[in-house]
Amino acid sequence: METDNWERRFVVRVLLVLLLLLVLLTCSVCKKHSINCTAEVDPLPLSHEFSQPGDLVVGGIVSQVFIVHETPSFEKQPAQMLINEPISEPKNYQHILALAFAIKEINENPLILPNITLGVRILNSYFNARMTNKAILSLLSTQQQFVPNYKCAIFKTLTAVIGGLDSETSVNMATIIANHKVIQLAYGSFSPAQSDETQFSSLYQMVPKEAYQYMGVIRLLRHFNWKWIGLLAVDDDRGDRFLQTMVPLLSQNEICFAFALRLPKMTYLDDLTDSVLRQAEMSLVAFDNKATVCFLYAEHPSPFILRLLLFLAPLIAFPPLHKVWIVTSQWDFEYLSIQRIWDIESFHGTISFSVHSNQPPSFQKFLQAINPFWAKRDGFIQNFWEQTFSCSLKVSSIHGDSENTCTGEEKLETLPGIFFEMSMTGHSYNTYNAVYAAAHALQAVYLSRSNQRPLLKGEQLVLRNLQPWQLHRFLRNITFNNSAGDTMHFNENRELRADFDVTNWITFPNGSFIRVKVGRLDPWAPPGKELTIDDNKIVWHRTFNQVVPLSVCSENCSPGYIRKKKEGEKFCCYDCVPCPEGMISEKKDMDTCIKCPQDHYSNNYQNHCVPKDTSFLSYKEPIGITLATLAISFSLATVLVFGTFVKYRDSPIVKANNRSLTYILLISLVYCFLSSLLFIGQPGKVTCLLRQITFGVIFSVAISTVLAKTITVVLAFIATKPGSRMRLFMGKRLPYSVVLSCSLIQVGICVLWLSTSPPFPDMDMVSRDEEIILECNEGSATVFYCVLGYMGFLAIVSFIVAFLARKLPDTFNEAKFITFSMLIFCSVWLSFIPTYLSTKGKSMVAVEIFSILVSGAGLLVCIFTPKIYIIVLKPELNNRELFKKRKNENTN
């Protein structure tokens, strides 16, 4: 009996143990399940969130609020180191409104996703990598719970994520999103160095890559001939990439940067204050530098830091900084409430490149209806409203018991442009289009799965169960028109194919501003035509007096000068030096002078080549007329003398000096004078062949005749002596032989000249800078000087013989006259050679004509003037009796 009781108690105990184990196991399973699915609410939720329910959820990461921290001391919790309330950037609140407006339009449009409602959940990045990661993981979790990538409770399908504003936020998002294959539509900038097809395969960019904007800036700088600029970028990896990309581009386009100012990165409050104060000293280079154009890489926080430096400038006695600011699409006047009194005058005339934007028809009406209570789940509006309108929505706010309480009736349109704009900005337009891109991709899935028929309400599960990666192939190929009328589609690099507007910012003292579109940048236009700009629309800073600012290291070198690089300085800094003689520079800032063509010469300013005038001794100019008149006059005088001698040919004085040789000499002198006319006028082929040869042969005949006359005088005196054998040589044969043989030698030299290297017409383009000398090239200079040398030889022989015979006893002895004539002849031609060699052009020809005329006139005057004097004025001396009487007296 006891045994049975013990057995029953044992069984009961085992059953109790088993029951206990079963209960514990059940509890364990429940606990395990609760860890994954029914956990408590996220203990550290993001305090700024905008949400709206829907069948499908579009996520968003915006940069609208940031929190300032003290520098970590590791002595207290980070949450205890917050400085006051979160700070709202008012301008960025429009990005949230644009996203909400797009969701509202799509939900109200029966043609897009009928029977399906789009919801939205927007979180804040706080401009911080850690908080951005937390935000994107929160989007991937069940709402109000932080269990990423785990479906439990009510989980709404996350179809796409829109964000972020700057490249750092976009990268932090893309790193996580790429692992989940969820579409990311970046509405802000994305650095080209980060565009990795494999690493960021889920990323779509609503802004074309930055390289296009850099190209536009280069085109803008070259358009206005700005060669000396300043660069400003935040001191982090983004600034490094910007400088590494921009500096080579500037150099390739012959543009220099005067300075590269690194703006301190926004970190902790104490560090930021110290950095800005230290940076103020370094920033003095930007204030004093003559670079009037500055290119600002305007990703956050560069604009804030720059405005802080400009605000501090008067306080530290820096001069006003008046520049032409060039900024990219990231730029906006994002003023905080604490910057309300900060002047924006320094940015008057700023030129920015912004993605082309348009205005959806109902957007302004939507904005006009916004009030602090317009949406129940808008966690951004309180900070925005209070800080923008400087009022308090509740007594417990940072304003304490302030009487300035928000009424809720404040209107966004009353805010100045530095806080909020009623027109949709570029980033808001990108956000708006990003929502539509996601919606149209969903619509493409909707149509493809319903075989082009509308889905019934019960068929919504077709899209609810859509996997994120399935949406990519539809998004890549969509093309749609938004409500503003713009066509949207992505290129092969998943970048929105869009143009850029070139915008001129015009500021006003009350803090408002307007944007004026002054041009367009089309990255896909033909090379050189990407940028179109209307200079007349641009308003420059007031200090430039509406004159295009000059931004160069050195003044432009005017035409006629070239640039000479300054030692040890950048290539944009140079001196201007004039071009050497005979060379020009036709454009500004040329590096080398160019030589004019041979038939041109440089003008006095050495900036243009002028055609040379042709130059030759003409009958129309004074010296040509004078020489031609002298030649004809001497010819006529010689003909007159010849006629006199013919008339008195039987007189003793004519007979005594060998009439035949006298006639030959006079005729040759006539042709000598006339031959000089061949040297006047434009040189031609015939005149070049004849002028020197005719002159040489005729003068050789004349000098040979003089030599023959001299020899005749000497032989006549010797032959009169008793028993002299010279009587045998007396007669006409000897003088004729002398004339003929001496002349034939010159003829032979001339024939040799014509057969080897004859004279020809030529142009001398070198001797004179401003003239082309038309001349006769002598062909062979050696033969030419042989001709002159032979004439000189005959003249010297004649001079020697005549000099020796000058005192022979003869009444009509002309040896002494021949001596004087040969002395003149030799003097003229000896002085002719150096003068001829030292002159060029018409002067050289005039020297030769002058030598011909003077030497011929010397022969005519010295030999024939005494005879003409006796024949014409003293005829009583011209008789035979007197001749014999004087001859006998001389013999005795």
# chains A, B, ... in the order shown; residues from 1 in each chain; ligands from 1
>>> residues_around(residues="Gln467 in chain A", least_positions_apart="3", cutoff="10 Å", atoms="only C-alpha atoms", output="PyMOL selection string")
chain A and resi 157-159+180-182+463-464+470-471
>>> residues_around(residues="range 666-681 of chain A", least_positions_apart="4", cutoff="6 Å", atoms="only C-alpha atoms", output="VMD selection string")
chain A and resid 617 to 618 631 635 638 691 695 698 702 849
>>> write_last_selection(atoms="all heavy atoms", output="tab-separated table (two decimals), in the first residue's frame")
chain	number	residue	atom	x	y	z
A	617	LEU	N	63.17	103.59	-108.37
A	617	LEU	CA	63.42	104.96	-108.83
A	617	LEU	C	62.49	105.26	-110.00
A	617	LEU	O	62.62	104.68	-111.08
A	617	LEU	CB	64.88	105.12	-109.24
A	617	LEU	CG	65.32	106.55	-109.58
A	617	LEU	CD1	65.13	107.48	-108.40
A	617	LEU	CD2	66.78	106.55	-110.03
A	618	SER	N	61.55	106.16	-109.75
A	618	SER	CA	60.52	106.42	-110.73
A	618	SER	C	60.73	107.79	-111.39
A	618	SER	O	61.36	108.68	-110.82
A	618	SER	CB	59.15	106.38	-110.04
A	618	SER	OG	58.14	106.85	-110.90
A	631	ALA	N	70.48	113.80	-117.48
A	631	ALA	CA	70.94	112.88	-118.53
A	631	ALA	C	70.61	113.43	-119.92
A	631	ALA	O	71.47	113.42	-120.83
A	631	ALA	CB	70.30	111.51	-118.32
A	635	SER	N	73.21	114.89	-122.72
A	635	SER	CA	73.17	114.29	-124.05
A	635	SER	C	73.04	115.38	-125.12
A	635	SER	O	73.74	115.36	-126.15
A	635	SER	CB	72.00	113.30	-124.16
A	635	SER	OG	72.14	112.26	-123.22
A	638	THR	N	76.20	117.25	-125.47
A	638	THR	CA	77.19	116.46	-126.23
A	638	THR	C	76.86	116.50	-127.72
A	638	THR	O	77.77	116.61	-128.57
A	638	THR	CB	77.19	115.01	-125.72
A	638	THR	OG1	77.40	115.00	-124.31
A	638	THR	CG2	78.29	114.21	-126.39
A	691	ARG	N	70.79	97.36	-118.82
A	691	ARG	CA	71.31	98.55	-118.15
A	691	ARG	C	72.81	98.45	-117.84
A	691	ARG	O	73.58	99.33	-118.22
A	691	ARG	CB	70.50	98.87	-116.92
A	691	ARG	CG	70.46	97.78	-115.86
A	691	ARG	CD	69.92	98.28	-114.51
A	691	ARG	NE	68.58	98.82	-114.58
A	691	ARG	CZ	67.87	99.16	-113.51
A	691	ARG	NH1	68.37	98.97	-112.29
A	691	ARG	NH2	66.67	99.67	-113.64
A	695	PHE	N	75.78	100.14	-120.23
A	695	PHE	CA	76.66	101.10	-119.57
A	695	PHE	C	78.13	100.66	-119.63
A	695	PHE	O	79.03	101.45	-119.96
A	695	PHE	CB	76.20	101.26	-118.12
A	695	PHE	CG	77.29	101.60	-117.15
A	695	PHE	CD1	77.90	102.85	-117.16
A	695	PHE	CD2	77.72	100.66	-116.22
A	695	PHE	CE1	78.91	103.15	-116.26
A	695	PHE	CE2	78.71	100.96	-115.31
A	695	PHE	CZ	79.32	102.20	-115.32
A	698	ILE	N	79.51	100.79	-123.45
A	698	ILE	CA	79.63	102.15	-124.00
A	698	ILE	C	80.73	102.92	-123.29
A	698	ILE	O	81.54	103.63	-123.92
A	698	ILE	CB	78.28	102.87	-123.92
A	698	ILE	CG1	77.27	102.20	-124.85
A	698	ILE	CG2	78.42	104.33	-124.26
A	698	ILE	CD1	75.88	102.77	-124.75
A	702	ALA	N	84.19	104.62	-124.74
A	702	ALA	CA	84.59	106.01	-124.51
A	702	ALA	C	86.00	106.09	-123.92
A	702	ALA	O	86.84	106.89	-124.36
A	702	ALA	CB	83.58	106.67	-123.58
A	849	ILE	N	73.55	106.20	-111.30
A	849	ILE	CA	73.23	107.17	-112.36
A	849	ILE	C	74.07	108.43	-112.19
A	849	ILE	O	74.60	108.98	-113.16
A	849	ILE	CB	71.72	107.51	-112.33
A	849	ILE	CG1	70.89	106.27	-112.65
A	849	ILE	CG2	71.39	108.64	-113.29
A	849	ILE	CD1	69.40	106.47	-112.49
>>> residues_around(residues="Pro53 in chain A", least_positions_apart="4", cutoff="9 Å", atoms="only C-alpha atoms", output="list of chain:residue names")
A:Val57, A:Thr117, A:Leu118, A:Gly119, A:Val120, A:Arg121, A:Lys156
>>> closest_residue(among="A:Arg377, A:Gly59, A:Ile623, A:Cys256", to="Cys573 in chain A", atoms="only C-alpha atoms")
A:Cys256
>>> residues_around(residues="Ile478 in chain A", least_positions_apart="2", cutoff="9 Å", atoms="only C-alpha atoms", output="number ranges by chain")
A: 437, 440-441, 444, 474-476, 480, 488-490
>>> closest_residue(among="A:Ser851, A:Ser189, A:Gln199, A:Thr687", to="Gly163 in chain A", atoms="only C-alpha atoms")
A:Ser189
>>> atom_distance(atom1="CA of Ser357 in chain A", atom2="CA of Ile514 in chain A")
14.8 Å
>>> select_by_dssp(residues="range 388-624 of chain A", states="helix (DSSP H, G or I)", output="ChimeraX atom specification")
/A:388-389,412-414,426-449,457-464,468-476,535-537,542-544,622-624
>>> select_by_dssp(residues="range 364-560 of chain A", states="strand (DSSP E)", output="ChimeraX atom specification")
/A:479-481,487-489,500-507,513-521,531-533
